[in-house]
Amino acid sequence: MLKSSASRFRPRYNGVVRALAAALAPLMTLAAANYTAERVQVEGNEVVRLHDAAHDTEVLIIPSFGNNAYSMKVKGHQIMWSPYKTIAEWKAKPAQRGNPFLAPWCNRIDGDTYWANGKQYKLNDALDNFRRDGNKLPIHGLLVHAPWTVATVSASPNDAVTASRLEFWKHPQWMAQFPFAHTIEMTHRLRDGVLEVETVLLNHSAEPMPISIGYHTYYQLTDTPRDDWKVHVAASEHVTLSPQLVPTGGKTPVKLADPYPLRGTQLDDVFTTLKHEADGRAIFSVQGAKQRIAVEYGPKYPVAVIYAPPGREFICFEPMAGVTNVFNLGHAGKFPLQSVPAGGEWRESFRIRPSGF
């Protein structure tokens, strides 16, 4: 019996497929090996390490201390500023470094009370679980150094990822200050040399939950001193602040040069009406001789705080879900206040994109 054409050519076809697979295998292995995600020990602390070999970029996250992405190195250059040399120093005298998460409120509240859903809530100072600024105003929420639980650590040919959770509703002392039961999920994703930080808020409450979260990331360039840096501000309006750095309700047009030189100047300013690119993101950046760090805000971060004090070798681009004191200013109708419906979720991200290193 004669074999069919398909039968006669099958051995040759299978041989071609095997040869092609063998030829592609090294490339596929190389792609998979490019990204690494692993749990490592740093000074006795569990740290998640994300690595992108093709772009020589490494990110370190410490889940037990705020889930902070405290280190990001690009070709050996550290772009996250820190006043500390060790984690032990940081824990002994906790202060902000790297990429601290601010919740359930970012920046300041103008007193010890705040409004949500038409009701006024009072902070309990006796619990001693929040900071005050130099004017004795509550600042930066409750979670800057909170412990998180790692859910996943994984790498693929496309990225290196870790996701962590914080179940706010399980902690009575936090709930006493902000009585909205919720869970927070944070994902760090390293892809093509860019770190994306995504935050999800899951509201378990029977009422809408007001949102005033943000990040206070500290960046540095290494090819020029701070006074030679130039800044791009992707915003149209400048929020008017009181002497206590709380918005008054007023706004003025942004009149900063573009780029804005830091020499002889300082910034501790709140900006809104952000200028979005075609993909919906607003891009803030700092430029040195060749190095550049761009921070790309998703549309649910409509407010940017920029902090660049004189004599300090860092700049902060802070993506915020609302202006400083937005719980109270939103209640007064002076600025928009986002919220998560009962049983709903809120999701947004920002990206850190270094170049020129």
# chains A, B, ... in the order shown; residues from 1 in each chain; ligands from 1
$ residues_around --residues "segment 179-194 of chain A" --least-positions-apart "4" --cutoff "6 Å" --atoms "only C-alpha atoms" --output "ChimeraX atom specification"
/A:55,57,159-169,175,198-205,352-353
$ residues_around --residues "Gln173 of chain A" --least-positions-apart "2" --cutoff "12 Å" --atoms "only C-alpha atoms" --output "CSV table (one decimal) with C-alpha atoms, in the first residue's frame"
chain,number,residue,atom,x,y,z
A,123,LEU,CA,-7.5,60.7,65.6
A,124,ASN,CA,-6.5,59.1,68.9
A,125,ASP,CA,-3.2,60.6,69.9
A,126,ALA,CA,-2.8,58.2,72.8
A,127,LEU,CA,-2.3,55.3,70.4
A,128,ASP,CA,1.0,56.9,69.4
A,129,ASN,CA,1.0,55.3,65.9
A,130,PHE,CA,1.3,58.3,63.6
A,142,LEU,CA,0.1,54.9,59.7
A,143,LEU,CA,1.9,52.5,57.4
A,168,PHE,CA,-5.5,46.8,57.3
A,169,TRP,CA,-8.8,45.6,58.8
A,170,LYS,CA,-7.0,43.1,61.1
A,171,HIS,CA,-5.2,45.8,63.1
A,175,MET,CA,-8.8,50.8,62.5
A,176,ALA,CA,-9.2,53.1,65.5
A,177,GLN,CA,-7.6,55.9,63.5
A,178,PHE,CA,-9.2,55.1,60.1
A,179,PRO,CA,-12.3,52.9,60.6
$ atom_distance --atom1 "atom CA of Ser285 of chain A" --atom2 "atom CA of Val47 of chain A"
27.9 Å
$ residues_around --residues "Phe350 of chain A" --least-positions-apart "4" --cutoff "10 Å" --atoms "only C-alpha atoms" --output "VMD selection string"
chain A and resid 195 to 199 215 281 to 283 295 to 301 318 to 319
$ residues_around --residues "Tyr70 of chain A" --least-positions-apart "3" --cutoff "10 Å" --atoms "only C-alpha atoms" --output "list in words"
Val59, Leu60, Ile61, Ile62, Phe65, Gly66, Asn67, Ile79, Met80, Trp81, Ser82, Ile87, Gln96, Arg97, Gly98, Asn99, Pro100, Thr217 and Tyr218 of chain A
$ write_last_selection --atoms "N, CA and C atoms" --output "PDB file, in the first residue's frame"
ATOM      1  N   VAL A  59      16.423  45.832  41.755  1.00  0.00           N
ATOM      2  CA  VAL A  59      15.537  46.475  42.716  1.00  0.00           C
ATOM      3  C   VAL A  59      15.473  45.596  43.964  1.00  0.00           C
ATOM      4  N   LEU A  60      15.582  46.234  45.146  1.00  0.00           N
ATOM      5  CA  LEU A  60      15.462  45.531  46.418  1.00  0.00           C
ATOM      6  C   LEU A  60      14.259  46.075  47.173  1.00  0.00           C
ATOM      7  N   ILE A  61      13.410  45.168  47.668  1.00  0.00           N
ATOM      8  CA  ILE A  61      12.194  45.529  48.407  1.00  0.00           C
ATOM      9  C   ILE A  61      12.237  44.829  49.750  1.00  0.00           C
ATOM     10  N   ILE A  62      11.927  45.546  50.829  1.00  0.00           N
ATOM     11  CA  ILE A  62      11.916  44.957  52.164  1.00  0.00           C
ATOM     12  C   ILE A  62      10.473  44.897  52.670  1.00  0.00           C
ATOM     13  N   PHE A  65       9.354  46.016  56.381  1.00  0.00           N
ATOM     14  CA  PHE A  65       9.546  47.400  56.810  1.00  0.00           C
ATOM     15  C   PHE A  65       8.928  48.338  55.781  1.00  0.00           C
ATOM     16  N   GLY A  66       7.599  48.254  55.679  1.00  0.00           N
ATOM     17  CA  GLY A  66       6.865  49.143  54.792  1.00  0.00           C
ATOM     18  C   GLY A  66       6.739  48.676  53.361  1.00  0.00           C
ATOM     19  N   ASN A  67       7.248  47.457  53.043  1.00  0.00           N
ATOM     20  CA  ASN A  67       7.256  46.974  51.657  1.00  0.00           C
ATOM     21  C   ASN A  67       7.916  48.004  50.745  1.00  0.00           C
ATOM     22  N   ILE A  79      19.945  54.913  42.308  1.00  0.00           N
ATOM     23  CA  ILE A  79      19.092  56.065  41.990  1.00  0.00           C
ATOM     24  C   ILE A  79      18.105  56.379  43.110  1.00  0.00           C
ATOM     25  N   MET A  80      18.020  55.509  44.147  1.00  0.00           N
ATOM     26  CA  MET A  80      17.183  55.785  45.314  1.00  0.00           C
ATOM     27  C   MET A  80      18.056  56.383  46.414  1.00  0.00           C
ATOM     28  N   TRP A  81      17.739  57.597  46.829  1.00  0.00           N
ATOM     29  CA  TRP A  81      18.538  58.266  47.850  1.00  0.00           C
ATOM     30  C   TRP A  81      18.244  57.692  49.234  1.00  0.00           C
ATOM     31  N   SER A  82      19.276  57.636  50.071  1.00  0.00           N
ATOM     32  CA  SER A  82      19.114  57.197  51.448  1.00  0.00           C
ATOM     33  C   SER A  82      20.147  57.883  52.329  1.00  0.00           C
ATOM     34  N   ILE A  87      20.623  48.688  56.796  1.00  0.00           N
ATOM     35  CA  ILE A  87      19.237  48.542  57.232  1.00  0.00           C
ATOM     36  C   ILE A  87      19.158  48.693  58.751  1.00  0.00           C
ATOM     37  N   GLN A  96      12.326  58.352  56.396  1.00  0.00           N
ATOM     38  CA  GLN A  96      11.949  57.992  55.030  1.00  0.00           C
ATOM     39  C   GLN A  96      13.172  57.887  54.127  1.00  0.00           C
ATOM     40  N   ARG A  97      13.141  56.877  53.278  1.00  0.00           N
ATOM     41  CA  ARG A  97      14.169  56.653  52.266  1.00  0.00           C
ATOM     42  C   ARG A  97      13.538  55.828  51.165  1.00  0.00           C
ATOM     43  N   GLY A  98      14.178  55.766  50.028  1.00  0.00           N
ATOM     44  CA  GLY A  98      13.701  54.903  48.962  1.00  0.00           C
ATOM     45  C   GLY A  98      12.332  55.298  48.463  1.00  0.00           C
ATOM     46  N   ASN A  99      11.345  54.404  48.677  1.00  0.00           N
ATOM     47  CA  ASN A  99      10.010  54.601  48.098  1.00  0.00           C
ATOM     48  C   ASN A  99       8.929  54.330  49.140  1.00  0.00           C
ATOM     49  N   PRO A 100       8.823  55.151  50.186  1.00  0.00           N
ATOM     50  CA  PRO A 100       7.832  54.885  51.234  1.00  0.00           C
ATOM     51  C   PRO A 100       6.396  55.093  50.765  1.00  0.00           C
ATOM     52  N   THR A 217       8.829  59.013  47.013  1.00  0.00           N
ATOM     53  CA  THR A 217      10.082  58.435  46.540  1.00  0.00           C
ATOM     54  C   THR A 217      11.210  59.458  46.457  1.00  0.00           C
ATOM     55  N   TYR A 218      12.391  59.038  46.944  1.00  0.00           N
ATOM     56  CA  TYR A 218      13.592  59.875  46.951  1.00  0.00           C
ATOM     57  C   TYR A 218      14.538  59.417  45.834  1.00  0.00           C
TER      58      TYR A 218
END
$ select_by_dssp --residues "segment 87-302 of chain A" --states "helix (DSSP H, G or I)" --output "list in words"
Ile87, Ala88, Glu89, Trp90, Lys91, Ala92, Asp125, Ala126, Leu127, Phe168, Trp169, Lys170, Pro172, Gln173, Trp174, Met175, Ala176, Gln177, Arg226, Asp227 and Asp228 of chain A
$ atom_distance --atom1 "atom CA of Val246 of chain A" --atom2 "atom CA of His145 of chain A"
24.0 Å
$ select_by_dssp --residues "segment 73-125 of chain A" --states "strand (DSSP E)" --output "PyMOL selection string"
chain A and resi 73-74+77-78+101-102+113-116+119-122
$ write_last_selection --atoms "N, CA and C atoms" --output "PDB file, in the first residue's frame"
ATOM      1  N   LYS A  73      19.292  50.028  41.548  1.00  0.00           N
ATOM      2  CA  LYS A  73      20.591  50.287  40.938  1.00  0.00           C
ATOM      3  C   LYS A  73      20.523  50.043  39.439  1.00  0.00           C
ATOM      4  N   VAL A  74      21.088  50.990  38.691  1.00  0.00           N
ATOM      5  CA  VAL A  74      21.140  50.893  37.235  1.00  0.00           C
ATOM      6  C   VAL A  74      22.604  50.956  36.835  1.00  0.00           C
ATOM      7  N   HIS A  77      24.747  52.228  39.497  1.00  0.00           N
ATOM      8  CA  HIS A  77      24.425  53.547  40.047  1.00  0.00           C
ATOM      9  C   HIS A  77      23.146  53.456  40.873  1.00  0.00           C
ATOM     10  N   GLN A  78      23.220  53.871  42.130  1.00  0.00           N
ATOM     11  CA  GLN A  78      22.061  53.876  43.012  1.00  0.00           C
ATOM     12  C   GLN A  78      21.217  55.106  42.715  1.00  0.00           C
ATOM     13  N   PHE A 101       5.515  54.210  51.244  1.00  0.00           N
ATOM     14  CA  PHE A 101       4.090  54.256  50.937  1.00  0.00           C
ATOM     15  C   PHE A 101       3.371  55.007  52.046  1.00  0.00           C
ATOM     16  N   LEU A 102       2.530  55.976  51.676  1.00  0.00           N
ATOM     17  CA  LEU A 102       1.834  56.827  52.634  1.00  0.00           C
ATOM     18  C   LEU A 102       0.335  56.513  52.596  1.00  0.00           C
ATOM     19  N   THR A 113      -8.758  66.009  63.401  1.00  0.00           N
ATOM     20  CA  THR A 113     -10.035  65.486  62.918  1.00  0.00           C
ATOM     21  C   THR A 113     -10.070  65.539  61.403  1.00  0.00           C
ATOM     22  N   TYR A 114     -10.864  64.657  60.809  1.00  0.00           N
ATOM     23  CA  TYR A 114     -11.033  64.649  59.356  1.00  0.00           C
ATOM     24  C   TYR A 114     -12.448  64.174  59.026  1.00  0.00           C
ATOM     25  N   TRP A 115     -12.884  64.504  57.812  1.00  0.00           N
ATOM     26  CA  TRP A 115     -14.233  64.180  57.360  1.00  0.00           C
ATOM     27  C   TRP A 115     -14.225  63.037  56.347  1.00  0.00           C
ATOM     28  N   ALA A 116     -15.242  62.181  56.450  1.00  0.00           N
ATOM     29  CA  ALA A 116     -15.458  61.119  55.472  1.00  0.00           C
ATOM     30  C   ALA A 116     -16.944  60.808  55.422  1.00  0.00           C
ATOM     31  N   LYS A 119     -19.258  62.542  57.836  1.00  0.00           N
ATOM     32  CA  LYS A 119     -19.064  62.350  59.276  1.00  0.00           C
ATOM     33  C   LYS A 119     -17.650  62.792  59.642  1.00  0.00           C
ATOM     34  N   GLN A 120     -17.510  63.327  60.843  1.00  0.00           N
ATOM     35  CA  GLN A 120     -16.200  63.765  61.320  1.00  0.00           C
ATOM     36  C   GLN A 120     -15.602  62.710  62.240  1.00  0.00           C
ATOM     37  N   TYR A 121     -14.335  62.352  61.963  1.00  0.00           N
ATOM     38  CA  TYR A 121     -13.616  61.361  62.755  1.00  0.00           C
ATOM     39  C   TYR A 121     -12.438  62.031  63.457  1.00  0.00           C
ATOM     40  N   LYS A 122     -12.101  61.506  64.636  1.00  0.00           N
ATOM     41  CA  LYS A 122     -11.024  62.089  65.427  1.00  0.00           C
ATOM     42  C   LYS A 122      -9.892  61.090  65.606  1.00  0.00           C
TER      43      LYS A 122
END
$ closest_residue --among "A:Glu43, A:Gly311, A:Val239, A:Pro104" --to "Trp90 of chain A" --atoms "only C-alpha atoms"
A:Glu43
$ atom_distance --atom1 "atom CA of His216 of chain A" --atom2 "atom CA of Gly343 of chain A"
27.9 Å
$ residues_around --residues "Ile109 of chain A" --least-positions-apart "6" --cutoff "10 Å" --atoms "only C-alpha atoms" --output "PDB file with N, CA and C atoms, in the first residue's frame"
ATOM      1  N   ARG A 132       3.919  63.425  63.670  1.00  0.00           N
ATOM      2  CA  ARG A 132       3.519  64.820  63.502  1.00  0.00           C
ATOM      3  C   ARG A 132       4.675  65.585  62.877  1.00  0.00           C
ATOM      4  N   LEU A 137       1.198  68.806  63.058  1.00  0.00           N
ATOM      5  CA  LEU A 137       0.098  68.279  62.256  1.00  0.00           C
ATOM      6  C   LEU A 137       0.351  66.804  61.945  1.00  0.00           C
ATOM      7  N   PRO A 138      -0.681  65.953  61.973  1.00  0.00           N
ATOM      8  CA  PRO A 138      -0.512  64.544  61.607  1.00  0.00           C
ATOM      9  C   PRO A 138      -0.022  64.420  60.160  1.00  0.00           C
ATOM     10  N   ILE A 139       0.982  63.578  59.943  1.00  0.00           N
ATOM     11  CA  ILE A 139       1.591  63.514  58.623  1.00  0.00           C
ATOM     12  C   ILE A 139       1.888  62.062  58.222  1.00  0.00           C
ATOM     13  N   HIS A 140       1.630  61.750  56.974  1.00  0.00           N
ATOM     14  CA  HIS A 140       2.065  60.524  56.294  1.00  0.00           C
ATOM     15  C   HIS A 140       1.430  59.234  56.804  1.00  0.00           C
ATOM     16  N   GLY A 141       0.304  59.327  57.499  1.00  0.00           N
ATOM     17  CA  GLY A 141      -0.480  58.140  57.784  1.00  0.00           C
ATOM     18  C   GLY A 141       0.109  57.207  58.820  1.00  0.00           C
ATOM     19  N   VAL A 246      -0.218  73.528  54.056  1.00  0.00           N
ATOM     20  CA  VAL A 246      -1.541  72.956  53.820  1.00  0.00           C
ATOM     21  C   VAL A 246      -2.237  73.793  52.747  1.00  0.00           C
ATOM     22  N   THR A 324      -2.805  67.483  49.628  1.00  0.00           N
ATOM     23  CA  THR A 324      -2.632  67.465  51.071  1.00  0.00           C
ATOM     24  C   THR A 324      -3.937  67.885  51.758  1.00  0.00           C
ATOM     25  N   ASN A 325      -4.328  67.144  52.832  1.00  0.00           N
ATOM     26  CA  ASN A 325      -5.539  67.452  53.602  1.00  0.00           C
ATOM     27  C   ASN A 325      -6.812  67.270  52.776  1.00  0.00           C
ATOM     28  N   VAL A 326      -6.781  66.335  51.835  1.00  0.00           N
ATOM     29  CA  VAL A 326      -7.917  66.199  50.919  1.00  0.00           C
ATOM     30  C   VAL A 326      -9.173  65.681  51.613  1.00  0.00           C
ATOM     31  N   PHE A 327      -9.051  64.932  52.727  1.00  0.00           N
ATOM     32  CA  PHE A 327     -10.254  64.516  53.444  1.00  0.00           C
ATOM     33  C   PHE A 327     -11.093  65.740  53.824  1.00  0.00           C
ATOM     34  N   ASN A 328     -10.441  66.734  54.398  1.00  0.00           N
ATOM     35  CA  ASN A 328     -11.162  67.928  54.856  1.00  0.00           C
ATOM     36  C   ASN A 328     -11.461  68.890  53.719  1.00  0.00           C
ATOM     37  N   LEU A 329     -10.525  69.044  52.790  1.00  0.00           N
ATOM     38  CA  LEU A 329     -10.765  69.950  51.664  1.00  0.00           C
ATOM     39  C   LEU A 329     -11.797  69.379  50.700  1.00  0.00           C
TER      40      LEU A 329
END
$ decode --residues "segment 38-157 of chain A" --atoms "C-alpha atoms" --output "compact mmCIF listing (two decimals), in the first residue's frame"
# COMPACT_ATOMS: atom_id res chain seq x y z
CA GLU A 38 14.15 35.84 44.44
CA ARG A 39 14.00 36.08 48.22
CA VAL A 40 17.38 36.89 49.71
CA GLN A 41 18.78 37.75 53.13
CA VAL A 42 20.26 41.23 53.66
CA GLU A 43 21.62 41.87 57.16
CA GLY A 44 19.31 39.19 58.50
CA ASN A 45 16.22 40.68 56.82
CA GLU A 46 14.19 38.99 54.10
CA VAL A 47 14.41 41.12 50.99
CA VAL A 48 12.91 40.50 47.55
CA ARG A 49 15.39 41.06 44.72
CA LEU A 50 14.20 41.77 41.18
CA HIS A 51 16.86 41.79 38.46
CA ASP A 52 16.86 42.68 34.77
CA ALA A 53 20.20 41.50 33.36
CA ALA A 54 19.71 43.04 29.91
CA HIS A 55 19.40 46.53 31.42
CA ASP A 56 21.69 45.78 34.39
CA THR A 57 18.96 46.93 36.79
CA GLU A 58 18.36 45.62 40.31
CA VAL A 59 15.54 46.48 42.72
CA LEU A 60 15.46 45.53 46.42
CA ILE A 61 12.19 45.53 48.41
CA ILE A 62 11.92 44.96 52.16
CA PRO A 63 8.39 43.65 52.92
CA SER A 64 8.81 43.67 56.71
CA PHE A 65 9.55 47.40 56.81
CA GLY A 66 6.86 49.14 54.79
CA ASN A 67 7.26 46.97 51.66
CA ASN A 68 9.64 49.72 50.60
CA ALA A 69 11.53 49.45 47.29
CA TYR A 70 14.47 51.03 49.05
CA SER A 71 17.14 50.36 46.42
CA MET A 72 17.22 50.60 42.62
CA LYS A 73 20.59 50.29 40.94
CA VAL A 74 21.14 50.89 37.23
CA LYS A 75 24.53 49.75 35.93
CA GLY A 76 25.83 50.03 39.47
CA HIS A 77 24.43 53.55 40.05
CA GLN A 78 22.06 53.88 43.01
CA ILE A 79 19.09 56.07 41.99
CA MET A 80 17.18 55.79 45.31
CA TRP A 81 18.54 58.27 47.85
CA SER A 82 19.11 57.20 51.45
CA PRO A 83 20.75 58.80 54.50
CA TYR A 84 21.73 55.34 55.78
CA LYS A 85 24.47 52.85 54.99
CA THR A 86 22.73 49.84 56.53
CA ILE A 87 19.24 48.54 57.23
CA ALA A 88 20.17 48.35 60.93
CA GLU A 89 20.80 52.11 61.00
CA TRP A 90 17.48 52.70 59.26
CA LYS A 91 15.54 50.56 61.75
CA ALA A 92 17.31 52.11 64.73
CA LYS A 93 16.22 55.59 63.67
CA PRO A 94 13.31 55.14 61.24
CA ALA A 95 12.99 57.86 58.64
CA GLN A 96 11.95 57.99 55.03
CA ARG A 97 14.17 56.65 52.27
CA GLY A 98 13.70 54.90 48.96
CA ASN A 99 10.01 54.60 48.10
CA PRO A 100 7.83 54.89 51.23
CA PHE A 101 4.09 54.26 50.94
CA LEU A 102 1.83 56.83 52.63
CA ALA A 103 -1.63 55.70 53.79
CA PRO A 104 -4.40 56.05 54.77
CA TRP A 105 -3.47 59.70 54.32
CA CYS A 106 -0.49 61.24 52.57
CA ASN A 107 1.17 64.45 53.69
CA ARG A 108 -0.70 66.47 56.32
CA ILE A 109 -4.11 66.71 57.92
CA ASP A 110 -4.79 70.22 59.20
CA GLY A 111 -5.73 69.01 62.70
CA ASP A 112 -6.66 65.90 64.63
CA THR A 113 -10.04 65.49 62.92
CA TYR A 114 -11.03 64.65 59.36
CA TRP A 115 -14.23 64.18 57.36
CA ALA A 116 -15.46 61.12 55.47
CA ASN A 117 -18.95 60.53 54.04
CA GLY A 118 -20.30 63.56 55.88
CA LYS A 119 -19.06 62.35 59.28
CA GLN A 120 -16.20 63.76 61.32
CA TYR A 121 -13.62 61.36 62.75
CA LYS A 122 -11.02 62.09 65.43
CA LEU A 123 -7.48 60.72 65.61
CA ASN A 124 -6.51 59.10 68.90
CA ASP A 125 -3.17 60.61 69.89
CA ALA A 126 -2.83 58.20 72.83
CA LEU A 127 -2.27 55.27 70.44
CA ASP A 128 1.03 56.87 69.36
CA ASN A 129 0.96 55.28 65.89
CA PHE A 130 1.33 58.32 63.64
CA ARG A 131 3.90 61.08 63.21
CA ARG A 132 3.52 64.82 63.50
CA ASP A 133 5.38 67.42 61.48
CA GLY A 134 7.16 70.51 62.82
CA ASN A 135 3.80 72.26 63.18
CA LYS A 136 2.35 69.32 65.15
CA LEU A 137 0.10 68.28 62.26
CA PRO A 138 -0.51 64.54 61.61
CA ILE A 139 1.59 63.51 58.62
CA HIS A 140 2.07 60.52 56.29
CA GLY A 141 -0.48 58.14 57.78
CA LEU A 142 0.11 54.90 59.68
CA LEU A 143 1.92 52.49 57.36
CA VAL A 144 5.35 53.87 56.43
CA HIS A 145 7.13 51.05 58.31
CA ALA A 146 4.31 48.49 58.54
CA PRO A 147 5.00 44.75 57.91
CA TRP A 148 3.57 43.28 54.71
CA THR A 149 3.00 39.66 53.65
CA VAL A 150 4.59 38.48 50.41
CA ALA A 151 2.09 36.73 48.14
CA THR A 152 4.17 35.96 45.04
CA VAL A 153 7.73 36.24 43.75
CA SER A 154 8.13 35.21 40.11
CA ALA A 155 10.10 35.77 36.94
CA SER A 156 9.20 35.11 33.30
CA PRO A 157 10.73 35.95 29.94
